[in-house]
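Engineer: For reference, the structure I am asking about is given below.
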Amino acid sequence: MPRLISTFVEKANLDSQVHIILLSGAGAGFCAGYDLKEFAEAAGPNAGVQAMPWDPMVDFGVMGAATAHFMSLWRSLKPVVCKVRKCAVAGGSDIALCCDIVIMEDDAVIGYPPARVWGCPTTAMWVYRIGAERAKRLMLTGDVISGKEAARIGLVCESHPAADLDAQVDALLDRMAGVPKNQLIMHKLVINKAIENMGLAATQTLATLMDGIARHTPEGIAFKQRCEEVGFKRAVAERDTSAFFS
């Protein structure tokens, strides 16, 4: 899927009929993250977890490529509006937060639960959207928050009741469509460059390396072993309790 994102972003940017890009989930929800069940439950090393001693640069090559595909949303000259129903968690939050404007259902959730163990958000957008302390509050717990709370703290632009979400997003798109494409591109470039000048690329490099490290720490290896024993779903439920590594 990461490669599909950048492919369609490129196509939309080359299409003179496209004014704005809308990104939403194909099903009931937006995105629950990478499909890690197969990697987590398979016995022994695989593409997600190497044998020891592991090579961080191999992992960095894989995850760096995925991050680059997600960041095509950020690099897109045409603005990207993201509509989130149900959830944008783990890798799904990486995708959503690379977009220019995120609008959520009030009761949808967003967060990065693998921050508890086995992951680090490689796009590192949290601190740039909500500042250091609020980013730490979410990364140091792995908690998810509602769309309403995400909008309140400025992580996303707006949230609305589920029944109103489509109409609210359409109204925004219609309003933006009245602005010339070149004006939209100019403003996006200026704002994005301000964020990039704060060190976004360097932060993402570090975050991507940390993501690989998180899967190869003693706790990361123990989590992988637990997934093999009881299945990914149960291991995640155990991970997300406070007592898992106490």
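Each chain in the structure tokens gets a letter, A, B and so on, in the order shown; residues start at 1 in every chain, and ligands are counted from 1 in the order they appear.
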Leu172 (chain A): which residues within 12 Å, counting only C-alpha atoms, same-chain residues fewer than 3 positions away excluded, as a ChimeraX atom specification?
Structural biologist: /A:20,22,80-83,101-103,157-158,165-169,175-179
Engineer: So, counting only C-alpha atoms, which residue among A:Val89, A:Leu209, A:Met63, A:Ile95 is closest to Val109 (chain A)?
Structural biologist: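 Closest residue, counting only C-alpha atoms: A:Val89.
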Engineer: Per residue of region 105-175 of chain A within 9 Å of region 189-204 of chain A, what are the shortest atom pair and its distance in Å to one decimal, counting only C-alpha atoms, with rows by chain and residue number, as CSV?
Structural biologist:
residue,atom,partner,partner_atom,distance
A:Pro121,CA,A:Gln204,CA,8.6
A:Thr122,CA,A:Gln204,CA,5.8
A:Thr123,CA,A:Gln204,CA,5.5
A:Ala124,CA,A:Gln204,CA,5.7
A:Met125,CA,A:Leu200,CA,8.2
A:Tyr128,CA,A:Ile195,CA,7.2
Engineer: Please write the residues from the selection above to a file, keeping all heavy atoms, as an mmCIF file, in the first residue's frame.
Structural biologist:
data_model
loop_
_atom_site.group_PDB
_atom_site.id
_atom_site.type_symbol
_atom_site.label_atom_id
_atom_site.label_comp_id
_atom_site.auth_asym_id
_atom_site.auth_seq_id
_atom_site.Cartn_x
_atom_site.Cartn_y
_atom_site.Cartn_z
ATOM 1 N N PRO A 121 6.798 6.012 15.465
ATOM 2 C CA PRO A 121 6.214 6.566 14.241
ATOM 3 C C PRO A 121 7.274 7.206 13.353
ATOM 4 O O PRO A 121 7.863 8.226 13.699
ATOM 5 C CB PRO A 121 5.205 7.600 14.749
ATOM 6 C CG PRO A 121 5.652 7.934 16.132
ATOM 7 C CD PRO A 121 6.307 6.702 16.670
ATOM 8 N N THR A 122 7.500 6.616 12.197
ATOM 9 C CA THR A 122 8.636 7.009 11.364
ATOM 10 C C THR A 122 8.464 8.382 10.732
ATOM 11 O O THR A 122 9.457 9.031 10.400
ATOM 12 C CB THR A 122 8.867 5.970 10.251
ATOM 13 O OG1 THR A 122 7.692 5.876 9.434
ATOM 14 C CG2 THR A 122 9.178 4.602 10.844
ATOM 15 N N THR A 123 7.225 8.837 10.545
ATOM 16 C CA THR A 123 7.040 10.170 9.957
ATOM 17 C C THR A 123 7.237 11.272 10.987
ATOM 18 O O THR A 123 7.438 12.428 10.614
ATOM 19 C CB THR A 123 5.649 10.315 9.327
ATOM 20 O OG1 THR A 123 4.651 10.139 10.330
ATOM 21 C CG2 THR A 123 5.456 9.305 8.204
ATOM 22 N N ALA A 124 7.155 10.928 12.274
ATOM 23 C CA ALA A 124 7.499 11.862 13.363
ATOM 24 C C ALA A 124 6.712 13.170 13.306
ATOM 25 O O ALA A 124 7.214 14.214 13.718
ATOM 26 C CB ALA A 124 8.995 12.148 13.348
ATOM 27 N N MET A 125 5.483 13.131 12.851
ATOM 28 C CA MET A 125 4.701 14.351 12.681
ATOM 29 C C MET A 125 4.102 14.887 13.976
ATOM 30 O O MET A 125 3.666 16.042 14.045
ATOM 31 C CB MET A 125 3.574 14.108 11.671
ATOM 32 C CG MET A 125 4.049 14.028 10.234
ATOM 33 S SD MET A 125 4.667 15.643 9.704
ATOM 34 C CE MET A 125 4.977 15.319 7.971
ATOM 35 N N TYR A 128 5.546 18.121 15.573
ATOM 36 C CA TYR A 128 5.374 19.310 14.733
ATOM 37 C C TYR A 128 3.927 19.789 14.728
ATOM 38 O O TYR A 128 3.665 20.962 14.457
ATOM 39 C CB TYR A 128 5.847 19.015 13.300
ATOM 40 C CG TYR A 128 7.324 18.727 13.253
ATOM 41 C CD1 TYR A 128 7.788 17.415 13.195
ATOM 42 C CD2 TYR A 128 8.266 19.747 13.303
ATOM 43 C CE1 TYR A 128 9.141 17.142 13.175
ATOM 44 C CE2 TYR A 128 9.624 19.479 13.279
ATOM 45 C CZ TYR A 128 10.051 18.177 13.224
ATOM 46 O OH TYR A 128 11.401 17.909 13.217
#
Engineer: Can you pull out every residue from region 107-203 of chain A that DSSP, working from the backbone, puts in helix (DSSP H, G or I), and format the result as JSON, numbers by chain?
Structural biologist: {"A": [113, 114, 115, 116, 126, 127, 128, 129, 130, 131, 132, 133, 134, 135, 136, 137, 138, 139, 147, 148, 149, 150, 151, 152, 162, 163, 164, 165, 166, 167, 168, 169, 170, 171, 172, 173, 174, 175, 176, 177, 181, 182, 183, 184, 185, 186, 187, 188, 189, 190, 191, 192, 193, 194, 195, 196, 200, 201, 202, 203]}
Engineer: Quick check for you: according to DSSP on this backbone, which residues of region 68-239 of chain A are classed as strand (DSSP E or B)? Reply as a VMD selection string.
Structural biologist: chain A and resid 80 to 84 87 to 89 101 to 105 109 to 111 144 to 146 158 to 160
Engineer: Excluding His216 (chain A) and residues on its chain fewer than 3 positions from it, collect all residues at most 12 Å away from it, counting only C-alpha atoms, and give them as a PyMOL selection string.
Structural biologist: chain A and resi 45+48-56+59+117-119+209-213+219-225
Engineer: Could you pull the residues within 8 Å of Ser146 (chain A), counting only C-alpha atoms, minus those fewer than 6 positions along the same chain, as a JSON list (two decimals) with N, CA, C and O atoms, in the first residue's frame?
Structural biologist:
[["chain", "number", "residue", "atom", "x", "y", "z"],
["A", 106, "ASP", "N", -16.05, 12.59, 15.17],
["A", 106, "ASP", "CA", -15.87, 12.86, 16.60],
["A", 106, "ASP", "C", -15.42, 11.63, 17.37],
["A", 106, "ASP", "O", -14.55, 11.71, 18.26],
["A", 107, "ASP", "N", -16.01, 10.48, 17.06],
["A", 107, "ASP", "CA", -15.75, 9.26, 17.82],
["A", 107, "ASP", "C", -14.68, 8.36, 17.21],
["A", 107, "ASP", "O", -14.40, 7.29, 17.76],
["A", 108, "ALA", "N", -14.09, 8.77, 16.09],
["A", 108, "ALA", "CA", -12.95, 8.02, 15.56],
["A", 108, "ALA", "C", -11.77, 8.18, 16.51],
["A", 108, "ALA", "O", -11.75, 9.08, 17.35],
["A", 109, "VAL", "N", -10.79, 7.30, 16.38],
["A", 109, "VAL", "CA", -9.62, 7.38, 17.26],
["A", 109, "VAL", "C", -8.35, 7.50, 16.43],
["A", 109, "VAL", "O", -8.27, 7.00, 15.30],
["A", 110, "ILE", "N", -7.37, 8.17, 17.02],
["A", 110, "ILE", "CA", -6.06, 8.30, 16.40],
["A", 110, "ILE", "C", -5.00, 8.13, 17.48],
["A", 110, "ILE", "O", -5.18, 8.56, 18.62]]
Engineer: Considering only C-alpha atoms, state which residue in the set A:Met104, A:Val18, A:Met1, A:Ala115 is at the smallest distance from Ala65 (chain A).
Structural biologist: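 Closest candidate: A:Met1.
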Engineer: If we count only C-alpha atoms and set the cut-off at 12 Å, which residues sit around Ala68 (chain A), ignoring sequence neighbours fewer than 6 positions away in its own chain? Please answer as a list in words.
Structural biologist: Pro2, Arg3, Leu4, Ile5, Ser6, Thr7, Phe60, Gly61, Val62, Trp74, Arg75, Ser76, Asp94, Ile95, Cys98, Thr122, Thr123, Ala201, Gln204, Thr205 and Thr208 of chain A
Engineer: Nearest to Met71 (chain A): which of A:Glu10, A:Glu228, A:Glu133, A:Met57 is it, counting only C-alpha atoms?
Structural biologist: A:Glu10
Engineer: Find the distance between CA of Ala207 (chain A) and CA of Ala12 (chain A) and write it in Å to one decimal.
Structural biologist: 28.6 Å
Engineer: May I ask for the distance between CA of Ser72 (chain A) and CA of Val9 (chain A), given in Å to one decimal place?
Structural biologist: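 Separation of CA of Ser72 (chain A) and CA of Val9 (chain A): 6.7 Å.
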